[in-house]
>>> print(open('work18.txt').read())   # compact mmCIF, N, CA and C atoms
# COMPACT_ATOMS: atom_id res chain seq x y z
N MET A 1 9.71 20.27 6.03
CA MET A 1 9.44 18.88 6.37
C MET A 1 9.33 18.02 5.12
N ASN A 2 8.60 18.50 4.10
CA ASN A 2 8.47 17.73 2.87
C ASN A 2 9.80 17.56 2.16
N ASN A 3 10.69 18.57 2.28
CA ASN A 3 12.01 18.44 1.66
C ASN A 3 12.78 17.26 2.26
N ASN A 4 12.66 17.09 3.57
CA ASN A 4 13.31 15.95 4.23
C ASN A 4 12.74 14.63 3.71
N LYS A 5 11.44 14.61 3.51
CA LYS A 5 10.80 13.38 3.02
C LYS A 5 11.18 13.10 1.58
N ILE A 6 11.33 14.15 0.78
CA ILE A 6 11.80 13.97 -0.59
C ILE A 6 13.22 13.40 -0.57
N GLU A 7 14.06 13.91 0.32
CA GLU A 7 15.42 13.39 0.44
C GLU A 7 15.42 11.91 0.83
N VAL A 8 14.52 11.53 1.72
CA VAL A 8 14.40 10.11 2.09
C VAL A 8 14.03 9.29 0.86
N LEU A 9 13.08 9.78 0.06
CA LEU A 9 12.68 9.04 -1.15
C LEU A 9 13.79 9.02 -2.19
N GLU A 10 14.58 10.09 -2.27
CA GLU A 10 15.72 10.09 -3.19
C GLU A 10 16.74 9.04 -2.78
N THR A 11 16.98 8.94 -1.49
CA THR A 11 17.88 7.90 -0.97
C THR A 11 17.29 6.52 -1.24
N ALA A 12 15.99 6.39 -1.03
CA ALA A 12 15.32 5.11 -1.29
C ALA A 12 15.44 4.73 -2.76
N SER A 13 15.29 5.69 -3.65
CA SER A 13 15.39 5.42 -5.07
C SER A 13 16.77 4.86 -5.42
N LYS A 14 17.80 5.47 -4.87
CA LYS A 14 19.16 4.99 -5.11
C LYS A 14 19.36 3.61 -4.48
N TYR A 15 18.79 3.42 -3.31
CA TYR A 15 18.97 2.15 -2.62
C TYR A 15 18.25 1.02 -3.33
N ILE A 16 17.11 1.30 -3.90
CA ILE A 16 16.34 0.27 -4.62
C ILE A 16 17.19 -0.34 -5.73
N VAL A 17 17.99 0.47 -6.39
CA VAL A 17 18.87 -0.04 -7.45
C VAL A 17 19.79 -1.11 -6.87
N ASN A 18 20.39 -0.82 -5.72
CA ASN A 18 21.28 -1.79 -5.07
C ASN A 18 20.51 -3.02 -4.59
N LEU A 19 19.32 -2.80 -4.06
CA LEU A 19 18.50 -3.91 -3.59
C LEU A 19 18.16 -4.85 -4.74
N LYS A 20 17.78 -4.29 -5.87
CA LYS A 20 17.46 -5.11 -7.04
C LYS A 20 18.68 -5.90 -7.51
N MET A 21 19.86 -5.27 -7.48
CA MET A 21 21.08 -5.98 -7.87
C MET A 21 21.35 -7.14 -6.92
N GLY A 22 21.15 -6.92 -5.62
CA GLY A 22 21.35 -7.98 -4.65
C GLY A 22 20.38 -9.12 -4.85
N ILE A 23 19.12 -8.79 -5.10
CA ILE A 23 18.12 -9.83 -5.36
C ILE A 23 18.47 -10.61 -6.61
N ASN A 24 18.84 -9.90 -7.67
CA ASN A 24 19.21 -10.59 -8.91
C ASN A 24 20.41 -11.50 -8.72
N LYS A 25 21.39 -11.04 -7.93
CA LYS A 25 22.58 -11.85 -7.67
C LYS A 25 22.20 -13.10 -6.87
N ALA A 26 21.33 -12.94 -5.86
CA ALA A 26 20.89 -14.09 -5.07
C ALA A 26 20.15 -15.09 -5.96
N VAL A 27 19.27 -14.59 -6.82
CA VAL A 27 18.53 -15.47 -7.73
C VAL A 27 19.51 -16.22 -8.63
N GLU A 28 20.48 -15.50 -9.16
CA GLU A 28 21.48 -16.13 -10.02
C GLU A 28 22.23 -17.24 -9.26
N TYR A 29 22.63 -16.96 -8.03
CA TYR A 29 23.33 -17.97 -7.23
C TYR A 29 22.45 -19.18 -6.97
N TYR A 30 21.18 -18.94 -6.62
CA TYR A 30 20.27 -20.07 -6.39
C TYR A 30 20.12 -20.91 -7.66
N GLN A 31 19.99 -20.25 -8.80
CA GLN A 31 19.81 -20.98 -10.05
C GLN A 31 21.05 -21.78 -10.43
N GLU A 32 22.22 -21.30 -9.99
CA GLU A 32 23.47 -22.00 -10.28
C GLU A 32 23.81 -23.05 -9.24
N GLY A 33 22.95 -23.20 -8.21
CA GLY A 33 23.22 -24.17 -7.16
C GLY A 33 24.24 -23.70 -6.14
N ARG A 34 24.48 -22.40 -6.10
CA ARG A 34 25.45 -21.82 -5.16
C ARG A 34 24.68 -21.27 -3.95
N GLU A 35 24.05 -22.20 -3.23
CA GLU A 35 23.15 -21.83 -2.14
C GLU A 35 23.84 -21.04 -1.03
N ASN A 36 25.08 -21.42 -0.68
CA ASN A 36 25.77 -20.72 0.41
C ASN A 36 25.96 -19.25 0.07
N GLU A 37 26.38 -18.97 -1.15
CA GLU A 37 26.59 -17.58 -1.56
C GLU A 37 25.27 -16.83 -1.60
N ALA A 38 24.24 -17.49 -2.09
CA ALA A 38 22.92 -16.87 -2.15
C ALA A 38 22.39 -16.58 -0.75
N CYS A 39 22.54 -17.56 0.13
CA CYS A 39 22.04 -17.39 1.50
C CYS A 39 22.75 -16.25 2.22
N ASN A 40 24.01 -16.03 1.89
CA ASN A 40 24.74 -14.91 2.49
C ASN A 40 24.15 -13.56 2.10
N LEU A 41 23.41 -13.52 1.02
CA LEU A 41 22.79 -12.26 0.57
C LEU A 41 21.40 -12.04 1.18
N ILE A 42 20.81 -13.08 1.73
CA ILE A 42 19.43 -12.97 2.23
C ILE A 42 19.31 -11.97 3.37
N ILE A 43 20.22 -11.99 4.32
CA ILE A 43 20.12 -11.05 5.45
C ILE A 43 20.25 -9.61 4.97
N PRO A 44 21.25 -9.26 4.16
CA PRO A 44 21.29 -7.88 3.67
C PRO A 44 20.05 -7.49 2.84
N ILE A 45 19.51 -8.44 2.08
CA ILE A 45 18.31 -8.16 1.29
C ILE A 45 17.13 -7.88 2.22
N THR A 46 16.95 -8.71 3.23
CA THR A 46 15.81 -8.49 4.14
C THR A 46 15.99 -7.22 4.95
N GLU A 47 17.21 -6.93 5.36
CA GLU A 47 17.45 -5.66 6.07
C GLU A 47 17.17 -4.48 5.17
N GLY A 48 17.53 -4.60 3.91
CA GLY A 48 17.25 -3.54 2.94
C GLY A 48 15.77 -3.34 2.72
N MET A 49 15.02 -4.43 2.68
CA MET A 49 13.58 -4.33 2.53
C MET A 49 12.95 -3.70 3.76
N GLU A 50 13.48 -4.02 4.92
CA GLU A 50 12.97 -3.41 6.15
C GLU A 50 13.24 -1.90 6.15
N TRP A 51 14.44 -1.50 5.74
CA TRP A 51 14.76 -0.08 5.66
C TRP A 51 13.83 0.61 4.66
N LEU A 52 13.64 -0.02 3.51
CA LEU A 52 12.76 0.53 2.49
C LEU A 52 11.34 0.66 3.01
N ASN A 53 10.85 -0.34 3.70
CA ASN A 53 9.52 -0.30 4.29
C ASN A 53 9.38 0.89 5.22
N ASN A 54 10.38 1.12 6.07
CA ASN A 54 10.34 2.26 6.98
C ASN A 54 10.35 3.58 6.22
N ALA A 55 11.18 3.67 5.19
CA ALA A 55 11.24 4.90 4.40
C ALA A 55 9.91 5.18 3.72
N ILE A 56 9.27 4.15 3.20
CA ILE A 56 7.97 4.31 2.54
C ILE A 56 6.91 4.72 3.55
N ARG A 57 6.93 4.10 4.70
CA ARG A 57 5.95 4.44 5.74
C ARG A 57 6.10 5.89 6.18
N LEU A 58 7.34 6.35 6.35
CA LEU A 58 7.60 7.72 6.82
C LEU A 58 7.25 8.78 5.79
N THR A 59 7.15 8.39 4.53
CA THR A 59 6.90 9.37 3.47
C THR A 59 5.53 9.18 2.82
N SER A 60 4.66 8.44 3.46
CA SER A 60 3.39 8.06 2.84
C SER A 60 2.55 9.25 2.38
N GLU A 61 2.56 10.34 3.12
CA GLU A 61 1.67 11.44 2.76
C GLU A 61 2.14 12.25 1.55
N ILE A 62 3.37 12.05 1.09
CA ILE A 62 3.81 12.80 -0.09
C ILE A 62 3.90 11.93 -1.34
N GLN A 63 3.65 10.65 -1.22
CA GLN A 63 3.75 9.74 -2.36
C GLN A 63 2.63 10.03 -3.37
N LYS A 64 2.97 9.94 -4.64
CA LYS A 64 1.99 10.18 -5.71
C LYS A 64 0.92 9.09 -5.76
N GLU A 65 1.28 7.90 -5.34
CA GLU A 65 0.35 6.78 -5.21
C GLU A 65 0.68 6.09 -3.90
N PRO A 66 -0.33 5.55 -3.23
CA PRO A 66 -0.02 4.85 -1.98
C PRO A 66 0.79 3.58 -2.25
N ILE A 67 1.76 3.34 -1.38
CA ILE A 67 2.58 2.14 -1.46
C ILE A 67 2.29 1.32 -0.22
N SER A 68 1.90 0.08 -0.43
CA SER A 68 1.61 -0.81 0.69
C SER A 68 2.59 -1.97 0.67
N PHE A 69 3.08 -2.33 1.83
CA PHE A 69 3.97 -3.48 1.95
C PHE A 69 3.21 -4.75 2.33
N ASP A 70 1.88 -4.70 2.36
CA ASP A 70 1.11 -5.86 2.77
C ASP A 70 1.38 -7.08 1.88
N VAL A 71 1.34 -6.89 0.57
CA VAL A 71 1.59 -8.00 -0.36
C VAL A 71 3.03 -8.47 -0.21
N MET A 72 3.96 -7.51 -0.11
CA MET A 72 5.37 -7.85 0.05
C MET A 72 5.57 -8.69 1.30
N ASN A 73 4.95 -8.28 2.40
CA ASN A 73 5.12 -9.02 3.65
C ASN A 73 4.61 -10.45 3.53
N GLY A 74 3.51 -10.63 2.83
CA GLY A 74 2.99 -11.99 2.60
C GLY A 74 3.97 -12.82 1.79
N LYS A 75 4.56 -12.22 0.78
CA LYS A 75 5.54 -12.94 -0.05
C LYS A 75 6.80 -13.25 0.74
N LEU A 76 7.19 -12.33 1.63
CA LEU A 76 8.37 -12.57 2.46
C LEU A 76 8.15 -13.74 3.41
N VAL A 77 6.92 -13.92 3.88
CA VAL A 77 6.60 -15.08 4.71
C VAL A 77 6.81 -16.35 3.89
N GLU A 78 6.39 -16.33 2.64
CA GLU A 78 6.58 -17.49 1.76
C GLU A 78 8.07 -17.76 1.55
N VAL A 79 8.85 -16.69 1.37
CA VAL A 79 10.30 -16.85 1.21
C VAL A 79 10.89 -17.49 2.45
N LEU A 80 10.49 -17.00 3.61
CA LEU A 80 10.99 -17.54 4.87
C LEU A 80 10.66 -19.03 5.01
N GLU A 81 9.42 -19.39 4.68
CA GLU A 81 9.02 -20.80 4.77
C GLU A 81 9.85 -21.66 3.83
N ALA A 82 10.06 -21.18 2.61
CA ALA A 82 10.87 -21.94 1.65
C ALA A 82 12.31 -22.04 2.14
N PHE A 83 12.82 -20.96 2.70
CA PHE A 83 14.18 -20.94 3.24
C PHE A 83 14.32 -21.94 4.38
N GLU A 84 13.35 -21.94 5.29
CA GLU A 84 13.38 -22.87 6.42
C GLU A 84 13.31 -24.33 5.95
N ASN A 85 12.65 -24.57 4.83
CA ASN A 85 12.53 -25.92 4.27
C ASN A 85 13.69 -26.26 3.33
N SER A 86 14.67 -25.36 3.25
CA SER A 86 15.83 -25.53 2.35
C SER A 86 15.41 -25.73 0.91
N ASP A 87 14.28 -25.15 0.53
CA ASP A 87 13.80 -25.21 -0.86
C ASP A 87 14.33 -23.97 -1.58
N TYR A 88 15.61 -24.04 -1.94
CA TYR A 88 16.28 -22.86 -2.47
C TYR A 88 15.82 -22.50 -3.88
N ILE A 89 15.36 -23.48 -4.62
CA ILE A 89 14.79 -23.17 -5.95
C ILE A 89 13.56 -22.29 -5.76
N LEU A 90 12.71 -22.65 -4.80
CA LEU A 90 11.52 -21.85 -4.52
C LEU A 90 11.90 -20.47 -4.00
N VAL A 91 12.91 -20.39 -3.15
CA VAL A 91 13.36 -19.08 -2.65
C VAL A 91 13.74 -18.20 -3.84
N GLY A 92 14.55 -18.74 -4.74
CA GLY A 92 14.96 -17.98 -5.92
C GLY A 92 13.79 -17.56 -6.78
N ASP A 93 12.86 -18.50 -6.99
CA ASP A 93 11.68 -18.19 -7.81
C ASP A 93 10.82 -17.10 -7.16
N LEU A 94 10.63 -17.19 -5.85
CA LEU A 94 9.83 -16.17 -5.15
C LEU A 94 10.51 -14.80 -5.24
N LEU A 95 11.83 -14.78 -5.08
CA LEU A 95 12.54 -13.51 -5.20
C LEU A 95 12.39 -12.93 -6.60
N GLU A 96 12.55 -13.79 -7.60
CA GLU A 96 12.54 -13.32 -8.99
C GLU A 96 11.14 -12.95 -9.48
N TYR A 97 10.16 -13.80 -9.20
CA TYR A 97 8.84 -13.63 -9.81
C TYR A 97 7.79 -12.98 -8.92
N GLU A 98 8.04 -12.92 -7.64
CA GLU A 98 7.07 -12.32 -6.72
C GLU A 98 7.60 -11.03 -6.08
N ILE A 99 8.81 -11.09 -5.53
CA ILE A 99 9.36 -9.93 -4.82
C ILE A 99 9.85 -8.87 -5.80
N MET A 100 10.58 -9.27 -6.81
CA MET A 100 11.16 -8.29 -7.74
C MET A 100 10.10 -7.40 -8.41
N PRO A 101 8.99 -7.93 -8.90
CA PRO A 101 7.97 -7.02 -9.49
C PRO A 101 7.42 -6.01 -8.47
N ILE A 102 7.32 -6.42 -7.22
CA ILE A 102 6.84 -5.48 -6.19
C ILE A 102 7.87 -4.38 -5.99
N ILE A 103 9.14 -4.75 -5.90
CA ILE A 103 10.22 -3.77 -5.74
C ILE A 103 10.23 -2.81 -6.93
N GLN A 104 10.06 -3.34 -8.13
CA GLN A 104 10.06 -2.49 -9.33
C GLN A 104 8.88 -1.52 -9.31
N ARG A 105 7.73 -1.96 -8.85
CA ARG A 105 6.56 -1.08 -8.76
C ARG A 105 6.80 0.02 -7.71
N ILE A 106 7.38 -0.36 -6.59
CA ILE A 106 7.72 0.64 -5.57
C ILE A 106 8.68 1.66 -6.16
N GLU A 107 9.66 1.19 -6.90
CA GLU A 107 10.64 2.08 -7.53
C GLU A 107 9.95 3.08 -8.46
N GLU A 108 9.00 2.59 -9.26
CA GLU A 108 8.27 3.48 -10.17
C GLU A 108 7.55 4.59 -9.40
N ILE A 109 6.87 4.22 -8.34
CA ILE A 109 6.10 5.20 -7.56
C ILE A 109 7.04 6.19 -6.86
N VAL A 110 8.13 5.68 -6.30
CA VAL A 110 9.10 6.56 -5.64
C VAL A 110 9.66 7.55 -6.64
N ASN A 111 10.07 7.06 -7.80
CA ASN A 111 10.65 7.95 -8.81
C ASN A 111 9.62 8.94 -9.33
N LYS A 112 8.40 8.50 -9.49
CA LYS A 112 7.32 9.41 -9.92
C LYS A 112 7.13 10.52 -8.89
N THR A 113 7.22 10.18 -7.63
CA THR A 113 7.03 11.16 -6.56
C THR A 113 8.17 12.17 -6.54
N ILE A 114 9.40 11.72 -6.65
CA ILE A 114 10.52 12.66 -6.55
C ILE A 114 10.74 13.45 -7.83
N ASN A 115 10.22 12.98 -8.94
CA ASN A 115 10.40 13.68 -10.21
C ASN A 115 9.28 14.64 -10.55
N ASN A 116 8.25 14.72 -9.70
CA ASN A 116 7.12 15.65 -9.97
C ASN A 116 7.09 16.77 -8.98
>>> encode(input="work18.txt", output="structure tokens")
Amino acid sequence: MNNNKIEVLETASKYIVNLKMGINKAVEYYQEGRENEACNLIIPITEGMEWLNNAIRLTSEIQKEPISFDVMNGKLVEVLEAFENSDYILVGDLLEYEIMPIIQRIEEIVNKTINN
């Protein structure tokens, strides 16, 4: 059973790399005023975060440190509000300065778990 959970975390580790690239690309598009291109990335990013959340939840008992999505979920609400208000500068800033550090911390814990 734990081997399956390690495999889930290994997949999550690889996926986080892609998720971070997508977030960085969306931030870049927002900063360049290319809102349409950035907005096209939001759905795949949110779906990716949802998948990651499920993977983390399913593997909670083998993680080296507990990972909580509570802070992430609060930040995602802020992203949604900014998105609904068409405040794309704020969306980009939230992705870059609030969401990305959380994703990076999750990545550290996931990698620590699968490498030990």
>>> residues_around(input="work18.txt", residues="A:Leu52", least_positions_apart="5", cutoff="6.5 Å", atoms="all atoms listed in the file", output="list in words")
Ala12, Glu47 and Arg57 of chain A
>>> closest_residue(input="work18.txt", among="A:Leu19, A:Ala26, A:Met72, A:Ile114", to="A:Gly48", atoms="all atoms listed in the file")
A:Leu19
>>> select_by_dssp(input="work18.txt", residues="chain A", states="alpha helix (DSSP H)", output="JSON, numbers by chain")
{"A": [2, 3, 4, 5, 6, 7, 8, 9, 10, 11, 12, 13, 14, 15, 16, 17, 18, 19, 20, 21, 22, 23, 24, 25, 26, 27, 28, 29, 30, 31, 35, 36, 37, 38, 39, 40, 41, 42, 43, 44, 45, 46, 47, 48, 49, 50, 51, 52, 53, 54, 55, 56, 57, 58, 70, 71, 72, 73, 74, 75, 76, 77, 78, 79, 80, 81, 82, 83, 84, 88, 89, 90, 91, 92, 93, 94, 100, 101, 102, 103, 104, 105, 106, 107, 108, 109, 110, 111, 112, 113, 114]}
>>> closest_residue(input="work18.txt", among="A:Asp93, A:Asn53, A:Glu37, A:Ser68", to="A:Leu9", atoms="only C-alpha atoms")
A:Asn53
>>> residues_around(input="work18.txt", residues="A:Arg105", least_positions_apart="2", cutoff="12 Å", atoms="only C-alpha atoms", output="VMD selection string")
chain A and resid 13 16 20 65 to 69 71 to 72 98 to 103 107 to 112
>>> closest_residue(input="work18.txt", among="A:Leu58, A:Ile6, A:Leu80, A:Ile23", to="A:Thr113", atoms="only C-alpha atoms")
A:Ile6
>>> atom_distance(input="work18.txt", atom1="atom CA of A:Val27", atom2="atom CA of A:Gly92")
4.7 Å
>>> atom_distance(input="work18.txt", atom1="atom N of A:Tyr88", atom2="atom C of A:Ile42")
13.7 Å
>>> atom_distance(input="work18.txt", atom1="atom CA of A:Glu28", atom2="atom C of A:Ile56")
28.8 Å
>>> axis_aligned_box(input="work18.txt", around="stretch 91-104 of chain A", padding_each_side="8 Å", output="JSON")
{"center_x": 10.9, "center_y": -11.0, "center_z": -6.2, "size_x": 24.1, "size_y": 34.9, "size_z": 23.2}
>>> residues_near_point(input="work18.txt", point="(17.7, -22.9, -8.2)", cutoff="7 Å", atoms="only C-alpha atoms", output="PyMOL selection string")
chain A and resi 30-33+88-89+92
